[in-house]
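Engineer: One file: protein-v9.pdb (PDB, C-alpha atoms).
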```
ATOM      1  CA  MET K  16      37.125 103.201  82.957  1.00  0.00           C
ATOM      2  CA  ALA K  17      36.005 100.207  80.949  1.00  0.00           C
ATOM      3  CA  ASN K  18      33.548  98.030  82.876  1.00  0.00           C
ATOM      4  CA  VAL K  19      32.206  99.857  85.907  1.00  0.00           C
ATOM      5  CA  THR K  20      29.953  97.151  87.313  1.00  0.00           C
ATOM      6  CA  LEU K  21      30.771  93.999  89.186  1.00  0.00           C
ATOM      7  CA  SER K  22      28.984  90.687  88.985  1.00  0.00           C
ATOM      8  CA  LYS K  23      26.910  89.757  92.043  1.00  0.00           C
ATOM      9  CA  LYS K  24      29.587  87.228  93.014  1.00  0.00           C
ATOM     10  CA  GLN K  25      32.404  89.798  92.703  1.00  0.00           C
ATOM     11  CA  GLN K  26      30.386  92.321  94.711  1.00  0.00           C
ATOM     12  CA  ASP K  27      29.660  89.806  97.481  1.00  0.00           C
ATOM     13  CA  GLU K  28      33.307  88.705  97.667  1.00  0.00           C
ATOM     14  CA  LEU K  29      34.547  92.298  97.791  1.00  0.00           C
ATOM     15  CA  LEU K  30      32.053  93.311 100.492  1.00  0.00           C
ATOM     16  CA  LYS K  31      33.084  90.275 102.542  1.00  0.00           C
ATOM     17  CA  THR K  32      36.769  91.245 102.213  1.00  0.00           C
ATOM     18  CA  LEU K  33      36.031  94.873 103.105  1.00  0.00           C
ATOM     19  CA  LYS K  34      33.960  93.861 106.132  1.00  0.00           C
ATOM     20  CA  ILE K  35      36.750  91.624 107.459  1.00  0.00           C
ATOM     21  CA  ARG K  36      39.280  94.461 106.979  1.00  0.00           C
ATOM     22  CA  PHE K  37      36.852  96.915 108.601  1.00  0.00           C
ATOM     23  CA  GLU K  38      36.501  94.687 111.670  1.00  0.00           C
ATOM     24  CA  LYS K  39      40.266  94.043 111.940  1.00  0.00           C
ATOM     25  CA  ASN K  40      41.209  97.751 111.814  1.00  0.00           C
ATOM     26  CA  PRO K  41      38.779  99.703 114.026  1.00  0.00           C
ATOM     27  CA  LYS K  42      41.335 102.493 114.641  1.00  0.00           C
ATOM     28  CA  ARG K  43      40.949 103.549 110.991  1.00  0.00           C
ATOM     29  CA  HIS K  44      37.236 104.268 111.264  1.00  0.00           C
ATOM     30  CA  GLU K  45      36.153 104.957 114.829  1.00  0.00           C
ATOM     31  CA  GLY K  46      32.462 105.744 115.004  1.00  0.00           C
ATOM     32  CA  PHE K  47      31.609 104.213 111.617  1.00  0.00           C
ATOM     33  CA  GLU K  48      28.909 101.581 111.307  1.00  0.00           C
ATOM     34  CA  TRP K  49      29.561  98.777 108.822  1.00  0.00           C
ATOM     35  CA  ALA K  50      25.864  98.540 107.846  1.00  0.00           C
ATOM     36  CA  LYS K  51      25.774 102.208 106.767  1.00  0.00           C
ATOM     37  CA  LEU K  52      29.068 101.899 104.923  1.00  0.00           C
ATOM     38  CA  GLN K  53      27.914  98.738 103.142  1.00  0.00           C
ATOM     39  CA  ALA K  54      24.651 100.391 102.114  1.00  0.00           C
ATOM     40  CA  ARG K  55      26.598 103.338 100.699  1.00  0.00           C
ATOM     41  CA  LEU K  56      28.877 100.997  98.738  1.00  0.00           C
ATOM     42  CA  GLU K  57      25.954  98.998  97.346  1.00  0.00           C
ATOM     43  CA  ALA K  58      24.224 102.217  96.257  1.00  0.00           C
ATOM     44  CA  ASN K  59      27.299 103.283  94.241  1.00  0.00           C
ATOM     45  CA  PRO K  60      28.282 100.426  91.891  1.00  0.00           C
ATOM     46  CA  ASP K  61      30.759 102.591  89.960  1.00  0.00           C
ATOM     47  CA  LYS K  62      32.634 103.435  93.188  1.00  0.00           C
ATOM     48  CA  LEU K  63      32.453  99.802  94.278  1.00  0.00           C
ATOM     49  CA  TRP K  64      34.076  98.891  90.960  1.00  0.00           C
ATOM     50  CA  SER K  65      36.904 101.363  91.697  1.00  0.00           C
ATOM     51  CA  ILE K  66      37.404  99.872  95.155  1.00  0.00           C
ATOM     52  CA  HIS K  67      37.513  96.449  93.491  1.00  0.00           C
ATOM     53  CA  GLU K  68      40.308  97.755  91.246  1.00  0.00           C
ATOM     54  CA  MET K  69      42.161  99.051  94.312  1.00  0.00           C
ATOM     55  CA  GLU K  70      41.804  95.615  95.911  1.00  0.00           C
ATOM     56  CA  LYS K  71      42.728  93.719  92.737  1.00  0.00           C
ATOM     57  CA  THR K  72      45.989  95.653  92.412  1.00  0.00           C
ATOM     58  CA  GLY K  73      46.999  95.036  96.037  1.00  0.00           C
ATOM     59  CA  GLY K  74      45.903  98.295  97.664  1.00  0.00           C
ATOM     60  CA  GLU K  75      43.867  96.785 100.510  1.00  0.00           C
ATOM     61  CA  PRO K  76      41.394  99.716 100.519  1.00  0.00           C
ATOM     62  CA  ASP K  77      39.709 100.669 103.762  1.00  0.00           C
ATOM     63  CA  ALA K  78      37.411 103.448 104.972  1.00  0.00           C
ATOM     64  CA  VAL K  79      39.502 106.058 106.784  1.00  0.00           C
ATOM     65  CA  GLY K  80      37.197 109.082 106.925  1.00  0.00           C
ATOM     66  CA  HIS K  81      33.676 110.385 106.638  1.00  0.00           C
ATOM     67  CA  ASP K  82      32.697 113.705 105.071  1.00  0.00           C
ATOM     68  CA  LYS K  83      29.729 114.789 107.179  1.00  0.00           C
ATOM     69  CA  LYS K  84      28.708 117.518 104.699  1.00  0.00           C
ATOM     70  CA  THR K  85      28.285 115.108 101.790  1.00  0.00           C
ATOM     71  CA  ASP K  86      27.771 111.924 103.859  1.00  0.00           C
ATOM     72  CA  GLU K  87      30.522 110.293 101.806  1.00  0.00           C
ATOM     73  CA  TYR K  88      33.077 107.819 103.128  1.00  0.00           C
ATOM     74  CA  VAL K  89      36.742 108.224 102.223  1.00  0.00           C
ATOM     75  CA  PHE K  90      38.741 105.152 101.206  1.00  0.00           C
ATOM     76  CA  TYR K  91      42.563 104.991 101.056  1.00  0.00           C
ATOM     77  CA  ASP K  92      44.883 102.200  99.989  1.00  0.00           C
ATOM     78  CA  CYS K  93      46.004 100.746 103.322  1.00  0.00           C
ATOM     79  CA  ALA K  94      48.429  98.018 102.201  1.00  0.00           C
ATOM     80  CA  ALA K  95      51.589  98.000 104.344  1.00  0.00           C
ATOM     81  CA  GLU K  96      53.740  98.719 101.262  1.00  0.00           C
ATOM     82  CA  THR K  97      52.827 100.535  98.067  1.00  0.00           C
ATOM     83  CA  PRO K  98      50.683  98.135  96.000  1.00  0.00           C
ATOM     84  CA  LYS K  99      52.886  95.693  94.097  1.00  0.00           C
ATOM     85  CA  SER K 100      50.831  95.843  90.904  1.00  0.00           C
ATOM     86  CA  ARG K 101      51.223  99.626  90.843  1.00  0.00           C
ATOM     87  CA  ARG K 102      55.014  99.928  91.066  1.00  0.00           C
ATOM     88  CA  SER K 103      57.673 100.745  88.459  1.00  0.00           C
ATOM     89  CA  LEU K 104      55.647 103.628  87.035  1.00  0.00           C
ATOM     90  CA  CYS K 105      56.730 107.127  86.129  1.00  0.00           C
ATOM     91  CA  TYR K 106      54.513 109.985  87.310  1.00  0.00           C
ATOM     92  CA  ASP K 107      52.337 110.951  84.307  1.00  0.00           C
ATOM     93  CA  ARG K 108      51.812 110.553  80.532  1.00  0.00           C
ATOM     94  CA  GLU K 109      54.062 113.514  79.702  1.00  0.00           C
ATOM     95  CA  ALA K 110      56.888 111.889  81.686  1.00  0.00           C
ATOM     96  CA  LEU K 111      56.251 108.521  80.028  1.00  0.00           C
ATOM     97  CA  ASN K 112      56.289 110.076  76.557  1.00  0.00           C
ATOM     98  CA  SER K 113      59.538 111.909  77.321  1.00  0.00           C
ATOM     99  CA  ARG K 114      61.436 108.647  77.893  1.00  0.00           C
ATOM    100  CA  LYS K 115      63.276 107.559  74.772  1.00  0.00           C
ATOM    101  CA  GLU K 116      64.306 104.130  76.045  1.00  0.00           C
ATOM    102  CA  ASN K 117      63.612 101.802  78.974  1.00  0.00           C
ATOM    103  CA  LYS K 118      60.053 103.058  79.289  1.00  0.00           C
ATOM    104  CA  PRO K 119      57.969 101.753  82.183  1.00  0.00           C
ATOM    105  CA  ARG K 120      54.734  99.959  81.307  1.00  0.00           C
ATOM    106  CA  SER K 121      52.581 102.923  82.374  1.00  0.00           C
ATOM    107  CA  ASN K 122      52.342 105.958  84.622  1.00  0.00           C
ATOM    108  CA  ALA K 123      50.717 106.620  87.973  1.00  0.00           C
ATOM    109  CA  LEU K 124      48.195 109.295  86.943  1.00  0.00           C
ATOM    110  CA  ASP K 125      46.796 107.347  83.978  1.00  0.00           C
ATOM    111  CA  MET K 126      46.563 104.125  85.965  1.00  0.00           C
ATOM    112  CA  ALA K 127      44.756 105.895  88.814  1.00  0.00           C
ATOM    113  CA  ALA K 128      42.333 107.558  86.385  1.00  0.00           C
ATOM    114  CA  ALA K 129      41.597 104.204  84.720  1.00  0.00           C
ATOM    115  CA  MET K 130      40.740 102.833  88.169  1.00  0.00           C
ATOM    116  CA  GLY K 131      38.496 105.796  88.993  1.00  0.00           C
ATOM    117  CA  ILE K 132      40.696 106.975  91.886  1.00  0.00           C
ATOM    118  CA  GLU K 133      43.167 109.775  92.582  1.00  0.00           C
ATOM    119  CA  LEU K 134      46.684 109.808  93.994  1.00  0.00           C
ATOM    120  CA  LEU K 135      46.969 110.752  97.645  1.00  0.00           C
ATOM    121  CA  THR K 136      48.135 114.279  98.324  1.00  0.00           C
ATOM    122  CA  GLU K 137      51.045 114.854 100.704  1.00  0.00           C
ATOM    123  CA  GLU K 138      48.537 115.829 103.397  1.00  0.00           C
ATOM    124  CA  GLN K 139      46.474 112.657 102.858  1.00  0.00           C
ATOM    125  CA  TYR K 140      49.649 110.572 102.890  1.00  0.00           C
ATOM    126  CA  ARG K 141      50.583 112.047 106.271  1.00  0.00           C
ATOM    127  CA  GLU K 142      47.030 111.361 107.545  1.00  0.00           C
ATOM    128  CA  LEU K 143      47.396 107.738 106.468  1.00  0.00           C
ATOM    129  CA  GLN K 144      50.657 107.436 108.404  1.00  0.00           C
ATOM    130  CA  LYS K 145      48.796 108.375 111.604  1.00  0.00           C
ATOM    131  CA  LEU K 146      46.814 105.143 111.204  1.00  0.00           C
ATOM    132  CA  GLY K 147      49.849 102.833 111.019  1.00  0.00           C
ATOM    133  CA  GLU K 148      53.279 102.430 109.490  1.00  0.00           C
ATOM    134  CA  PHE K 149      53.120 102.378 105.706  1.00  0.00           C
ATOM    135  CA  ASP K 150      55.847 102.333 103.028  1.00  0.00           C
ATOM    136  CA  THR K 151      58.727 101.385 105.319  1.00  0.00           C
ATOM    137  CA  LYS K 152      60.404  99.589 102.379  1.00  0.00           C
ATOM    138  CA  THR K 153      58.706 101.255  99.400  1.00  0.00           C
ATOM    139  CA  SER K 154      57.655 104.756  98.370  1.00  0.00           C
ATOM    140  CA  SER K 155      54.579 106.284  96.745  1.00  0.00           C
ATOM    141  CA  TRP K 156      54.114 109.059  94.216  1.00  0.00           C
ATOM    142  CA  VAL K 157      51.832 111.783  95.613  1.00  0.00           C
ATOM    143  CA  LYS K 158      49.834 114.426  93.788  1.00  0.00           C
ATOM    144  CA  THR K 159      52.357 117.001  92.654  1.00  0.00           C
ATOM    145  CA  PRO K 160      51.659 120.751  92.572  1.00  0.00           C
ATOM    146  CA  ALA K 161      51.474 122.188  89.035  1.00  0.00           C
ATOM    147  CA  ASN K 162      54.441 124.527  89.559  1.00  0.00           C
ATOM    148  CA  VAL K 163      56.719 121.597  90.466  1.00  0.00           C
ATOM    149  CA  ARG K 164      55.418 119.458  87.608  1.00  0.00           C
ATOM    150  CA  GLU K 165      55.887 122.296  85.079  1.00  0.00           C
ATOM    151  CA  LEU K 166      59.590 122.284  85.979  1.00  0.00           C
ATOM    152  CA  GLY K 167      59.839 118.521  85.300  1.00  0.00           C
ATOM    153  CA  GLY K 168      59.594 117.276  88.877  1.00  0.00           C
ATOM    154  CA  ALA K 169      57.237 115.075  90.816  1.00  0.00           C
ATOM    155  CA  LEU K 170      56.868 114.312  94.516  1.00  0.00           C
ATOM    156  CA  PHE K 171      56.864 111.062  96.451  1.00  0.00           C
ATOM    157  CA  CYS K 172      56.759 110.028 100.096  1.00  0.00           C
ATOM    158  CA  ASP K 173      57.834 107.170 102.321  1.00  0.00           C
ATOM    159  CA  ARG K 174      58.332 106.344 105.979  1.00  0.00           C
ATOM    160  CA  ARG K 175      61.826 105.760 107.333  1.00  0.00           C
ATOM    161  CA  PHE K 176      63.285 106.147 110.834  1.00  0.00           C
ATOM    162  CA  ASP K 177      59.740 106.546 112.200  1.00  0.00           C
ATOM    163  CA  THR K 178      59.385 109.735 110.133  1.00  0.00           C
ATOM    164  CA  VAL K 179      57.384 110.539 106.988  1.00  0.00           C
ATOM    165  CA  PHE K 180      59.567 112.086 104.291  1.00  0.00           C
ATOM    166  CA  LEU K 181      58.605 114.059 101.180  1.00  0.00           C
ATOM    167  CA  TYR K 182      61.053 113.930  98.272  1.00  0.00           C
ATOM    168  CA  HIS K 183      61.317 115.063  94.684  1.00  0.00           C
ATOM    169  CA  ASN K 184      62.489 113.312  91.543  1.00  0.00           C
ATOM    170  CA  GLY K 185      62.222 113.784  87.809  1.00  0.00           C
ATOM    171  CA  ALA K 186      58.679 112.816  86.826  1.00  0.00           C
ATOM    172  CA  GLU K 187      60.064 110.415  84.201  1.00  0.00           C
ATOM    173  CA  SER K 188      61.934 108.338  86.802  1.00  0.00           C
ATOM    174  CA  TYR K 189      60.617 105.005  87.986  1.00  0.00           C
ATOM    175  CA  TYR K 190      61.823 102.430  90.484  1.00  0.00           C
ATOM    176  CA  ALA K 191      60.830  98.908  91.405  1.00  0.00           C
ATOM    177  CA  ALA K 192      59.947 100.019  94.937  1.00  0.00           C
ATOM    178  CA  ARG K 193      57.951 103.149  93.989  1.00  0.00           C
ATOM    179  CA  GLY K 194      54.302 103.088  93.075  1.00  0.00           C
ATOM    180  CA  PHE K 195      51.240 105.011  94.149  1.00  0.00           C
ATOM    181  CA  ARG K 196      48.454 104.931  96.681  1.00  0.00           C
ATOM    182  CA  GLY K 197      44.981 106.078  95.786  1.00  0.00           C
ATOM    183  CA  TRP K 198      41.824 107.376  97.379  1.00  0.00           C
ATOM    184  CA  LEU K 199      38.184 107.990  96.580  1.00  0.00           C
ATOM    185  CA  LYS K 200      34.958 109.091  98.192  1.00  0.00           C
ATOM    186  CA  VAL K 201      31.865 106.883  98.184  1.00  0.00           C
TER     187      VAL K 201
END
```
What would the structure in this file look like if it were written as structure tokens?
Structural biologist:
Amino acid sequence: MANVTLSKKQQDELLKTLKIRFEKNPKRHEGFEWAKLQARLEANPDKLWSIHEMEKTGGEPDAVGHDKKTDEYVFYDCAAETPKSRRSLCYDREALNSRKENKPRSNALDMAAAMGIELLTEEQYRELQKLGEFDTKTSSWVKTPANVRELGGALFCDRRFDTVFLYHNGAESYYAARGFRGWLKV
């Protein structure tokens, strides 16, 4: 991660955007208080920077959970479709390096790491789908178990026919409608 702090203006604009999203989507965070969430965000400028990166790339991050043990809030990308600025990526660096021609511009794992976030797991992806209908026209890479990745595969999910599907593909593949969704704790 390069610059992990936001200017005061960027911070204020992001907090305003997050507050509006928070108020518009109460189902995602029942029982949360905006003031406590805002205080947590302001106390963690590096995490706020990561949420800014999620927002900047079209993820529409929102608080979707609260870890009572650590008092951390969980943020997921909640854009209706996989973020546009994070599509057409293969799964990881190994997959990117294996392509001899027609390489995508990057890969999902490196881009997520640069943003300070992680890819959703299949379980997290299914949790997200309980909060709305996401990826009805796109798909998202999800964190792939090591045994699948060692065999050259990677996993992705989408929602079709009112059902969440988990699929596999070669990790080096990439499509205009496939990207990734991220998460982080603050």
Engineer: Just the residues within 10 Å of region 163-169 of chain K, please, counting all atoms listed in the file, with nothing from its chain fewer than 2 positions along; format it as an MDAnalysis selection string.
Structural biologist: chainID K and resid 105:107 109:110 156:161 171 182:188
Engineer: Would you output that residue set with C-alpha atoms, as a PDB file, keeping the file's coordinate frame?
Structural biologist:
```pdb
ATOM      1  CA  CYS K 105      56.730 107.127  86.129  1.00  0.00           C
ATOM      2  CA  TYR K 106      54.513 109.985  87.310  1.00  0.00           C
ATOM      3  CA  ASP K 107      52.337 110.951  84.307  1.00  0.00           C
ATOM      4  CA  GLU K 109      54.062 113.514  79.702  1.00  0.00           C
ATOM      5  CA  ALA K 110      56.888 111.889  81.686  1.00  0.00           C
ATOM      6  CA  TRP K 156      54.114 109.059  94.216  1.00  0.00           C
ATOM      7  CA  VAL K 157      51.832 111.783  95.613  1.00  0.00           C
ATOM      8  CA  LYS K 158      49.834 114.426  93.788  1.00  0.00           C
ATOM      9  CA  THR K 159      52.357 117.001  92.654  1.00  0.00           C
ATOM     10  CA  PRO K 160      51.659 120.751  92.572  1.00  0.00           C
ATOM     11  CA  ALA K 161      51.474 122.188  89.035  1.00  0.00           C
ATOM     12  CA  PHE K 171      56.864 111.062  96.451  1.00  0.00           C
ATOM     13  CA  TYR K 182      61.053 113.930  98.272  1.00  0.00           C
ATOM     14  CA  HIS K 183      61.317 115.063  94.684  1.00  0.00           C
ATOM     15  CA  ASN K 184      62.489 113.312  91.543  1.00  0.00           C
ATOM     16  CA  GLY K 185      62.222 113.784  87.809  1.00  0.00           C
ATOM     17  CA  ALA K 186      58.679 112.816  86.826  1.00  0.00           C
ATOM     18  CA  GLU K 187      60.064 110.415  84.201  1.00  0.00           C
ATOM     19  CA  SER K 188      61.934 108.338  86.802  1.00  0.00           C
TER      20      SER K 188
END
```
Engineer: Counting only C-alpha atoms, what is within 8 Å of Ser155 (chain K), bar same-chain residues fewer than 4 positions away, as a PDB file with C-alpha atoms, in the coordinates of the input?
Structural biologist:
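File out29.pdb, as written:
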```pdb
ATOM      1  CA  THR K  97      52.827 100.535  98.067  1.00  0.00           C
ATOM      2  CA  ASP K 150      55.847 102.333 103.028  1.00  0.00           C
ATOM      3  CA  PHE K 171      56.864 111.062  96.451  1.00  0.00           C
ATOM      4  CA  CYS K 172      56.759 110.028 100.096  1.00  0.00           C
ATOM      5  CA  ASP K 173      57.834 107.170 102.321  1.00  0.00           C
ATOM      6  CA  ARG K 193      57.951 103.149  93.989  1.00  0.00           C
ATOM      7  CA  GLY K 194      54.302 103.088  93.075  1.00  0.00           C
ATOM      8  CA  PHE K 195      51.240 105.011  94.149  1.00  0.00           C
ATOM      9  CA  ARG K 196      48.454 104.931  96.681  1.00  0.00           C
TER      10      ARG K 196
END
```
Engineer: So what does the PyMOL selection byres ((chain K and resi 119) around 8) actually pick up in this one, as a VMD selection string?
Structural biologist: chain K and resid 103 to 105 111 117 to 118 120 to 122 189
Engineer: Restricting the calculation to only C-alpha atoms: of K:Tyr88, K:Trp198, K:Tyr190, K:Phe180, which residue gets closest to Gly131 (chain K)?
Structural biologist: K:Trp198
Engineer: May I ask which of the residues K:Glu142, K:Thr151, K:Phe176, K:Phe47 is the closest one to Lys83 (chain K), counting only C-alpha atoms?
Structural biologist: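 Comparing K:Glu142, K:Thr151, K:Phe176, K:Phe47 against Lys83 (chain K), the winner is K:Phe47.
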Engineer: Using only C-alpha atoms, find the one residue out of K:Thr178, K:Ser100, K:Thr136, K:Asn162 that sits nearest to Glu148 (chain K).
Structural biologist: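 Counting only C-alpha atoms, the residue closest to Glu148 (chain K) is K:Thr178.
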Engineer: CA of Leu52 (chain K) and CA of Lys23 (chain K), how far apart in Å?
Structural biologist: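 Atom-to-atom, CA of Lys23 (chain K) and CA of Leu52 (chain K) are spaced 17.8 Å apart.
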Engineer: Mind giving me the straight-line distance from CA of Met69 (chain K) to CA of Leu134 (chain K) in Å, one decimal?
Structural biologist: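 A separation of 11.7 Å between them.
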Engineer: Applying the PyMOL selection byres ((chain K and resi 36-43) around 9) to the file I just gave you, which residues come out? Please list them as a PyMOL selection string.
Structural biologist: chain K and resi 31-35+44-47+49+75-80+143+146-147
Engineer: Suppose you want the space between CA of Arg102 (chain K) and CA of Leu21 (chain K); what is it in Å?
Structural biologist: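 Separation of CA of Arg102 (chain K) and CA of Leu21 (chain K): 25.0 Å.
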Engineer: Between K:Arg175, K:Ala129, K:Gly74, K:Gln53, which residue has the minimum interatomic distance to Ala95 (chain K), considering only C-alpha atoms?
Structural biologist: K:Gly74
Engineer: Determine the nearest neighbour of Ser22 (chain K) from the options K:Arg55, K:Asp177, K:His67, K:Gly73, counting all atoms listed in the file.
Structural biologist: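 Nearest to Ser22 (chain K): K:His67.
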Engineer: I'd like the neighbourhood of Glu87 (chain K) as a list in words, where a residue qualifies if any of its atoms comes within 8 Å (using only C-alpha atoms), though same-chain residues fewer than 4 positions away should be ignored.
Structural biologist: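 Residues meeting the cut-off are His81, Asp82, Lys83, Lys200 and Val201 of chain K.
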Engineer: Please evaluate the PyMOL selection byres ((chain K and resi 61) around 10) against the structure above and give the resulting residues as a list in words.
Structural biologist: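 Given this file, the PyMOL selection byres ((chain K and resi 61) around 10) evaluates to Met16, Asn18, Val19, Thr20, Leu21, Leu56, Glu57, Ala58, Asn59, Pro60, Lys62, Leu63, Trp64, Ser65, Ile66, His67, Gly131 and Val201 of chain K.
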Engineer: Determine, counting all atoms listed in the file, which protein, DNA and RNA residues have an atom within 8 Å of an atom of Leu199 (chain K); residues of the same chain fewer than 3 positions away are not included. Present the result as an mmCIF file with C-alpha atoms, in the frame of the given file.
Structural biologist:
```cif
data_model
loop_
_atom_site.group_PDB
_atom_site.id
_atom_site.type_symbol
_atom_site.label_atom_id
_atom_site.label_comp_id
_atom_site.auth_asym_id
_atom_site.auth_seq_id
_atom_site.Cartn_x
_atom_site.Cartn_y
_atom_site.Cartn_z
ATOM 1 C CA LYS K 62 32.634 103.435 93.188
ATOM 2 C CA VAL K 89 36.742 108.224 102.223
ATOM 3 C CA PHE K 90 38.741 105.152 101.206
ATOM 4 C CA TYR K 91 42.563 104.991 101.056
ATOM 5 C CA GLY K 131 38.496 105.796 88.993
ATOM 6 C CA ILE K 132 40.696 106.975 91.886
ATOM 7 C CA GLU K 133 43.167 109.775 92.582
#
```
Engineer: Can you put N, CA and C atoms back into region 149-161 of chain K and show it as a tab-separated table (two decimals), in the coordinates of the input?
Structural biologist:
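That gives us result39.tsv:
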```
chain	number	residue	atom	x	y	z
K	149	PHE	N	53.26	102.75	107.11
K	149	PHE	CA	53.12	102.38	105.71
K	149	PHE	C	54.37	102.79	104.93
K	150	ASP	N	54.70	102.04	103.91
K	150	ASP	CA	55.85	102.33	103.03
K	150	ASP	C	57.16	102.42	103.80
K	151	THR	N	57.44	101.41	104.61
K	151	THR	CA	58.73	101.38	105.32
K	151	THR	C	59.82	100.78	104.44
K	152	LYS	N	59.44	100.16	103.33
K	152	LYS	CA	60.40	99.59	102.38
K	152	LYS	C	60.19	100.09	100.96
K	153	THR	N	59.06	100.76	100.73
K	153	THR	CA	58.71	101.26	99.40
K	153	THR	C	58.43	102.75	99.49
K	154	SER	N	58.04	103.34	98.38
K	154	SER	CA	57.66	104.76	98.37
K	154	SER	C	56.48	104.92	97.41
K	155	SER	N	55.78	106.05	97.54
K	155	SER	CA	54.58	106.28	96.74
K	155	SER	C	54.59	107.69	96.16
K	156	TRP	N	54.33	107.76	94.84
K	156	TRP	CA	54.11	109.06	94.22
K	156	TRP	C	52.93	109.72	94.91
K	157	VAL	N	52.98	111.03	95.10
K	157	VAL	CA	51.83	111.78	95.61
K	157	VAL	C	51.49	112.88	94.61
K	158	LYS	N	50.27	113.38	94.70
K	158	LYS	CA	49.83	114.43	93.79
K	158	LYS	C	50.81	115.60	93.88
K	159	THR	N	51.31	115.99	92.73
K	159	THR	CA	52.36	117.00	92.65
K	159	THR	C	51.77	118.35	92.25
K	160	PRO	N	52.14	119.42	92.96
K	160	PRO	CA	51.66	120.75	92.57
K	160	PRO	C	52.08	121.10	91.15
K	161	ALA	N	51.24	121.85	90.44
K	161	ALA	CA	51.47	122.19	89.04
K	161	ALA	C	52.81	122.90	88.83
```
